[in-house]
Structures are given as structure tokens and as C-alpha cells.
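In what follows, a single structure is set out as C-alpha cells and then discussed.
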Amino acid sequence: MEAMWLLCVAAAVVAWGFLWVWDSSERVKSREQGGRLGAESRTLLAIAHPDDEAMFFAPTVLGLARLRHWVYLLCFSAGNYYNQGETRKKELLQSCDVLGIPPSRVMIIDSRDFPDDPGVQWDTEHVASVLLQHIEVNGINLVVTFDAGGVSGHSNHIALYAAVRALHSEGKLPKGCSVLTLQSVNVLRKYIFLLDLPLSLLHTQDVLFVLNSKEVAQAKRAMSCHRSQLLWFRRLYILFSRYMRINSLSFL
């Protein structure tokens with residue numbers, strides 16, 4: 001038991017060492033990713049519910065801000081599962097403000113076609129049509145959304161992946177428009193950030209965003225805007241989840 005405890009402490013120290021190295025080379029990494037992603041691009045973050053932007057994508061949003069991307073946000077529901085839709089829309093706008101996304105670049109769809117309900121399968125064609133419309137209207141050249149696992153396995157998250165995958169595979173995206181999907185990980189990796197950091201740095205996907213301490217505080221402030229959702233288990237999530245500090249993403 002004592003040996004296991006010492007191993008965990010040693011792993012944590014190594015992880016923090018990796019983080020220190022990351023912080024010291026952050027500007028260099030940002031320049032490298034800027035070359036790959038295209039600095040000052042127009043990016044559309046497609047999410048299913050208010051709080052997805054902070055709970056899952058904060059490292060991506062803040063990382064893209066380093067690259068001077070114009071980030072647009074398209075939320076496909078008001079998060080009305082518990083009849084809190086109006087409250088949650090306001091919370092989303094507050095969170096986006098903390099993350100640097102102005103209200104003029106935030107679109108919330110409040111439609112019966114896209115209910116906040118894990119038991120309802122959203123129509124892939126309809127989701128794809130709405131996505132494509134926003135991509136074309138805003139001159140988007142990078143779309144960011146969930147991967148096939150939806151991070152949490154929520155069917156609404158997976159529906160967004162299915163739609164963007166369809167657009168990509170059918171060649172319907174505008175020329176030069178790329179797609180990045182957020183890597184889902186198992187439960188163990190999701191909640192042991194300190195131990196997972198070295199693995200993430202060594203075995204990342206196409207793009208990796210890691211927040212420094214100042215940005216982590218900013219991400220936590222954004223998540224704290226979703227007061228209606230801050231149940232005890234989400235407070236633990238804020239403390240321990242890798243998605244509050246690290247995002248690994250892959251191109252389709």
C-alpha cells in the first residue's frame with residue numbers, strides 16, 4: 001500500500017514537471033499549432049448543451065485564442081431537460097464572455113427538433129443542414145466538436161459528430177474547411193489529470209492544448225457561470241477532470 005502511495009506521488013511530481021516544461025514552451029507550441037491550424041482562422045465550436053463549452057472544450061477555446069482565432073459557438077439546445085432552459089441560456093452567454101466569445105458570435109438553438117434528452121436521437125440530416133448553414137454564413141474554415149464517443153457518451157454529443165462526419169465524408173463542407181474532434185478517454189484517464197498528463201503529452205492526437213495555471217483559473221470561472229449545474233459531483237469534476245486543463249483533438 002505504501003509503495004503504491006509513493007508511486008502515485010512520484011507520478012504526480014513527474015506530471016507537474018511536464019506541466020512546467022509545457023508552460024515554459026507554450027509560445028513555441030502555439031506557433032507550431034498556429035501553422036497547422038491556420039492563425040486568425042474562423043472556428044465554429046458546435047456543442048449540444050450549455051456548459052459543454054466550459055466543461056469539455058475550455059482548453060480548445062483558450063488555446064485557439066492564443067492563435068488569434070475568431071471563435072463562433074453554435075449550441076444545439078437550451079439545456080431544458082429539467083425546465084431550466086432560460087436560465088441556462090443566460091449562463092452560457094456569461095461563460096462565453098469569460099472565455100472571450102462575444103454574444104454576437106454565439107447562437108443557441110431552442111427547438112423541439114433538438115431536445116436536451118439522452119433518450120432522443122437527433123436527426124443526422126437535420127443537424128448537418130443547420131451546421132452547414134452556419135459554416136457558410138460565417139465563413140468558417142475550422143469546425144470543432146465531439147468525437148464518436150461524445151466524451152461522456154451522451155447521444156446528443158454523438159449526434160453532432162455523426163452530422164459533421166456526414167458533411168465531411170460526403171464532401172459538402174466548403175473548400176478549405178477542416179474538422180477537429182475532441183478525443184474521448186476512459187473514466188480513469190478522465191479523472192486523474194496529474195497522472196494522465198505525461199501520457200497525453202507523449203501520445204497526443206493531431207492537436208493538443210494544455211492550459212497554464214492562469215488559463216485553468218479562467219476555465220474554472222467559465223464553468224462556475226453555470227450555477228444551475230454546479231451539483232456536488234460537478235464541483236469534483238472541475239477539480240479533477242482532464243478536460244478542464246487538457247484537450248487532445250484529431251482531424252477527420
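Every chain in the C-alpha cells has a letter given in the order shown (A, B, ...), and although residue numbers restart at 1 in each chain, ligands are simply numbered from 1 in the order shown.
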**Spatial neighbours of A:Phe76, max dist 8 Å, only C-alpha atoms, sep filter under 2 positions, as a ChimeraX atom specification** = /A:46-49,74,78,108-110,114
**Request:** Mind checking which residues fall within 10 Å of A:Leu131, counting only C-alpha atoms, ignoring those fewer than 3 positions away in the same chain, and posting them as a list of chain:residue names?
**Result:** A:Leu44, A:Ala46, A:Leu74, A:Phe76, A:Glu125, A:His126, A:Val127, A:Ala128, A:His134, A:Ile135, A:Glu136, A:Val143, A:Leu160, A:Ala163, A:Val164, A:Leu167, A:Leu173
For the residues in that selection, give me N, CA, C and O atoms as a PDB file, in the first residue's frame.
```
ATOM      1  N   LEU A  44     -15.726  27.338 -35.754  1.00  0.00           N
ATOM      2  CA  LEU A  44     -17.060  27.103 -35.199  1.00  0.00           C
ATOM      3  C   LEU A  44     -16.986  25.963 -34.205  1.00  0.00           C
ATOM      4  O   LEU A  44     -16.632  24.840 -34.563  1.00  0.00           O
ATOM      5  N   ALA A  46     -19.153  23.547 -32.193  1.00  0.00           N
ATOM      6  CA  ALA A  46     -20.516  23.016 -32.173  1.00  0.00           C
ATOM      7  C   ALA A  46     -20.697  22.159 -30.926  1.00  0.00           C
ATOM      8  O   ALA A  46     -20.004  21.148 -30.748  1.00  0.00           O
ATOM      9  N   LEU A  74     -21.972  27.452 -31.660  1.00  0.00           N
ATOM     10  CA  LEU A  74     -23.322  27.029 -32.033  1.00  0.00           C
ATOM     11  C   LEU A  74     -23.764  25.959 -31.041  1.00  0.00           C
ATOM     12  O   LEU A  74     -23.190  24.867 -31.004  1.00  0.00           O
ATOM     13  N   PHE A  76     -26.780  23.531 -29.819  1.00  0.00           N
ATOM     14  CA  PHE A  76     -27.965  22.948 -30.446  1.00  0.00           C
ATOM     15  C   PHE A  76     -29.169  22.792 -29.517  1.00  0.00           C
ATOM     16  O   PHE A  76     -30.234  22.369 -29.971  1.00  0.00           O
ATOM     17  N   GLU A 125     -29.392  14.257 -40.623  1.00  0.00           N
ATOM     18  CA  GLU A 125     -29.516  15.155 -41.774  1.00  0.00           C
ATOM     19  C   GLU A 125     -29.881  16.571 -41.353  1.00  0.00           C
ATOM     20  O   GLU A 125     -29.352  17.546 -41.889  1.00  0.00           O
ATOM     21  N   HIS A 126     -30.794  16.671 -40.390  1.00  0.00           N
ATOM     22  CA  HIS A 126     -31.230  17.992 -39.927  1.00  0.00           C
ATOM     23  C   HIS A 126     -30.082  18.715 -39.220  1.00  0.00           C
ATOM     24  O   HIS A 126     -29.845  19.904 -39.448  1.00  0.00           O
ATOM     25  N   VAL A 127     -29.385  17.998 -38.346  1.00  0.00           N
ATOM     26  CA  VAL A 127     -28.239  18.591 -37.647  1.00  0.00           C
ATOM     27  C   VAL A 127     -27.197  19.054 -38.659  1.00  0.00           C
ATOM     28  O   VAL A 127     -26.662  20.168 -38.569  1.00  0.00           O
ATOM     29  N   ALA A 128     -26.920  18.212 -39.649  1.00  0.00           N
ATOM     30  CA  ALA A 128     -25.925  18.549 -40.667  1.00  0.00           C
ATOM     31  C   ALA A 128     -26.338  19.786 -41.456  1.00  0.00           C
ATOM     32  O   ALA A 128     -25.503  20.642 -41.765  1.00  0.00           O
ATOM     33  N   HIS A 134     -24.572  27.435 -40.838  1.00  0.00           N
ATOM     34  CA  HIS A 134     -23.760  28.323 -40.003  1.00  0.00           C
ATOM     35  C   HIS A 134     -22.310  28.384 -40.486  1.00  0.00           C
ATOM     36  O   HIS A 134     -21.666  29.429 -40.374  1.00  0.00           O
ATOM     37  N   ILE A 135     -21.819  27.303 -41.010  1.00  0.00           N
ATOM     38  CA  ILE A 135     -20.467  27.292 -41.559  1.00  0.00           C
ATOM     39  C   ILE A 135     -20.370  28.249 -42.742  1.00  0.00           C
ATOM     40  O   ILE A 135     -19.435  29.055 -42.845  1.00  0.00           O
ATOM     41  N   GLU A 136     -21.332  28.178 -43.621  1.00  0.00           N
ATOM     42  CA  GLU A 136     -21.306  29.004 -44.833  1.00  0.00           C
ATOM     43  C   GLU A 136     -21.567  30.475 -44.534  1.00  0.00           C
ATOM     44  O   GLU A 136     -20.878  31.364 -45.063  1.00  0.00           O
ATOM     45  N   VAL A 143     -14.073  23.521 -37.976  1.00  0.00           N
ATOM     46  CA  VAL A 143     -15.183  23.110 -37.109  1.00  0.00           C
ATOM     47  C   VAL A 143     -14.625  22.231 -36.000  1.00  0.00           C
ATOM     48  O   VAL A 143     -13.836  21.316 -36.261  1.00  0.00           O
ATOM     49  N   LEU A 160     -23.833  15.225 -32.954  1.00  0.00           N
ATOM     50  CA  LEU A 160     -23.056  16.280 -33.607  1.00  0.00           C
ATOM     51  C   LEU A 160     -21.905  15.679 -34.403  1.00  0.00           C
ATOM     52  O   LEU A 160     -21.616  16.104 -35.528  1.00  0.00           O
ATOM     53  N   ALA A 163     -23.216  14.123 -37.611  1.00  0.00           N
ATOM     54  CA  ALA A 163     -23.573  15.124 -38.619  1.00  0.00           C
ATOM     55  C   ALA A 163     -22.343  15.691 -39.318  1.00  0.00           C
ATOM     56  O   ALA A 163     -22.301  15.796 -40.557  1.00  0.00           O
ATOM     57  N   VAL A 164     -21.338  16.064 -38.544  1.00  0.00           N
ATOM     58  CA  VAL A 164     -20.148  16.654 -39.160  1.00  0.00           C
ATOM     59  C   VAL A 164     -19.366  15.601 -39.931  1.00  0.00           C
ATOM     60  O   VAL A 164     -18.755  15.892 -40.958  1.00  0.00           O
ATOM     61  N   LEU A 167     -21.104  15.375 -43.290  1.00  0.00           N
ATOM     62  CA  LEU A 167     -20.742  16.509 -44.150  1.00  0.00           C
ATOM     63  C   LEU A 167     -19.346  16.326 -44.738  1.00  0.00           C
ATOM     64  O   LEU A 167     -19.105  16.607 -45.916  1.00  0.00           O
ATOM     65  N   LEU A 173     -18.638  20.059 -47.103  1.00  0.00           N
ATOM     66  CA  LEU A 173     -18.025  21.199 -46.419  1.00  0.00           C
ATOM     67  C   LEU A 173     -17.368  22.122 -47.448  1.00  0.00           C
ATOM     68  O   LEU A 173     -16.851  21.655 -48.470  1.00  0.00           O
TER      69      LEU A 173
END
```
**Item:** Who sits within 7 Å of stretch 221-230 of chain A, only C-alpha atoms, same chain under 3 positions skipped, as a VMD selection string
**Value:** chain A and resid 51 54 to 55 91 94 to 95 98 to 99 217 to 218 234 to 235
Those selected residues, please, written with all heavy atoms and delivered as a short mmCIF file (atom, residue, chain, number, x, y, z; two decimals), in the first residue's frame.
```cif
data_model
loop_
_atom_site.label_atom_id
_atom_site.label_comp_id
_atom_site.auth_asym_id
_atom_site.auth_seq_id
_atom_site.Cartn_x
_atom_site.Cartn_y
_atom_site.Cartn_z
N ASP A 51 -22.95 24.61 -21.14
CA ASP A 51 -21.89 24.13 -20.23
C ASP A 51 -20.90 23.21 -20.93
O ASP A 51 -19.80 22.99 -20.45
CB ASP A 51 -22.39 23.52 -18.92
CG ASP A 51 -22.97 22.10 -19.01
OD1 ASP A 51 -22.84 21.43 -20.05
OD2 ASP A 51 -23.57 21.67 -18.00
N ALA A 54 -17.51 24.93 -21.55
CA ALA A 54 -16.59 25.07 -20.42
C ALA A 54 -16.18 23.72 -19.86
O ALA A 54 -15.02 23.48 -19.53
CB ALA A 54 -17.23 25.92 -19.32
N MET A 55 -17.13 22.81 -19.78
CA MET A 55 -16.88 21.50 -19.16
C MET A 55 -15.94 20.64 -20.00
O MET A 55 -15.14 19.87 -19.46
CB MET A 55 -18.20 20.76 -18.95
CG MET A 55 -18.07 19.44 -18.23
SD MET A 55 -19.67 18.64 -17.90
CE MET A 55 -20.32 19.72 -16.64
N GLU A 91 -26.63 31.61 -18.64
CA GLU A 91 -25.36 31.12 -18.10
C GLU A 91 -24.35 30.85 -19.22
O GLU A 91 -23.15 31.11 -19.05
CB GLU A 91 -25.61 29.83 -17.29
CG GLU A 91 -26.38 30.06 -16.00
CD GLU A 91 -26.78 28.78 -15.30
OE1 GLU A 91 -26.71 27.70 -15.93
OE2 GLU A 91 -27.18 28.85 -14.12
N GLN A 94 -22.79 34.09 -20.27
CA GLN A 94 -21.84 34.54 -19.26
C GLN A 94 -20.53 33.75 -19.36
O GLN A 94 -19.43 34.32 -19.29
CB GLN A 94 -22.44 34.39 -17.87
CG GLN A 94 -23.61 35.31 -17.58
CD GLN A 94 -24.37 34.93 -16.32
OE1 GLN A 94 -24.03 33.96 -15.64
NE2 GLN A 94 -25.42 35.68 -16.01
N SER A 95 -20.65 32.44 -19.53
CA SER A 95 -19.47 31.60 -19.66
C SER A 95 -18.66 31.96 -20.90
O SER A 95 -17.43 32.05 -20.86
CB SER A 95 -19.89 30.13 -19.72
OG SER A 95 -18.81 29.28 -20.03
N VAL A 98 -16.55 34.96 -20.39
CA VAL A 98 -15.32 34.65 -19.65
C VAL A 98 -14.28 34.04 -20.58
O VAL A 98 -13.08 34.32 -20.47
CB VAL A 98 -15.62 33.70 -18.47
CG1 VAL A 98 -14.32 33.22 -17.82
CG2 VAL A 98 -16.50 34.39 -17.43
N LEU A 99 -14.74 33.21 -21.51
CA LEU A 99 -13.83 32.53 -22.44
C LEU A 99 -13.42 33.39 -23.63
O LEU A 99 -12.62 32.96 -24.46
CB LEU A 99 -14.47 31.23 -22.94
CG LEU A 99 -14.69 30.13 -21.89
CD1 LEU A 99 -15.51 29.00 -22.49
CD2 LEU A 99 -13.37 29.62 -21.34
N ALA A 217 -7.58 28.77 -14.25
CA ALA A 217 -8.46 29.59 -13.41
C ALA A 217 -9.57 30.23 -14.25
O ALA A 217 -10.73 30.33 -13.81
CB ALA A 217 -7.65 30.68 -12.70
N GLN A 218 -9.22 30.64 -15.47
CA GLN A 218 -10.21 31.22 -16.38
C GLN A 218 -11.26 30.18 -16.78
O GLN A 218 -12.46 30.47 -16.80
CB GLN A 218 -9.49 31.75 -17.63
CG GLN A 218 -10.37 32.56 -18.58
CD GLN A 218 -9.57 33.13 -19.75
OE1 GLN A 218 -8.33 33.02 -19.77
NE2 GLN A 218 -10.24 33.74 -20.70
N ARG A 234 -20.28 17.79 -9.99
CA ARG A 234 -19.66 18.66 -11.00
C ARG A 234 -18.56 19.52 -10.37
O ARG A 234 -17.61 19.90 -11.05
CB ARG A 234 -20.72 19.52 -11.67
CG ARG A 234 -21.59 18.72 -12.65
CD ARG A 234 -22.22 19.56 -13.71
NE ARG A 234 -22.97 18.73 -14.65
CZ ARG A 234 -24.26 18.43 -14.52
NH1 ARG A 234 -24.94 18.90 -13.49
NH2 ARG A 234 -24.86 17.67 -15.41
N ARG A 235 -18.70 19.83 -9.10
CA ARG A 235 -17.61 20.55 -8.42
C ARG A 235 -16.37 19.66 -8.35
O ARG A 235 -15.24 20.13 -8.51
CB ARG A 235 -18.06 20.98 -7.02
CG ARG A 235 -19.17 22.03 -7.06
CD ARG A 235 -19.56 22.51 -5.67
NE ARG A 235 -20.67 23.43 -5.72
CZ ARG A 235 -20.58 24.73 -5.96
NH1 ARG A 235 -19.39 25.27 -6.15
NH2 ARG A 235 -21.66 25.51 -5.98
#
```
**Request:** For A:Cys177, list every protein, DNA or RNA residue within 7 Å, evaluated using only C-alpha atoms, and leave out those in the same chain fewer than 6 positions away; present the list as a ChimeraX atom specification.
**Result:** /A:140-142
With N, CA and C atoms retained, write the just-selected residues as a PDB file, in the first residue's frame.
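Once everything was written out, this is selection18.pdb:
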```pdb
ATOM      1  N   ILE A 140     -16.705  29.929 -42.052  1.00  0.00           N
ATOM      2  CA  ILE A 140     -15.928  29.083 -41.149  1.00  0.00           C
ATOM      3  C   ILE A 140     -14.938  28.216 -41.926  1.00  0.00           C
ATOM      4  N   ASN A 141     -13.704  28.123 -41.414  1.00  0.00           N
ATOM      5  CA  ASN A 141     -12.738  27.210 -42.027  1.00  0.00           C
ATOM      6  C   ASN A 141     -12.203  26.151 -41.072  1.00  0.00           C
ATOM      7  N   LEU A 142     -12.758  26.111 -39.852  1.00  0.00           N
ATOM      8  CA  LEU A 142     -12.428  25.033 -38.907  1.00  0.00           C
ATOM      9  C   LEU A 142     -13.643  24.772 -38.026  1.00  0.00           C
TER      10      LEU A 142
END
```
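If only C-alpha atoms are the atoms counted, then among A:Ala219, A:Leu208, A:Val151, A:Ala162 the closest residue to A:Asn186 is A:Val151.
Distance-wise, atom CA of A:Gln183 and atom CA of A:Lys90 end up 28.0 Å apart.
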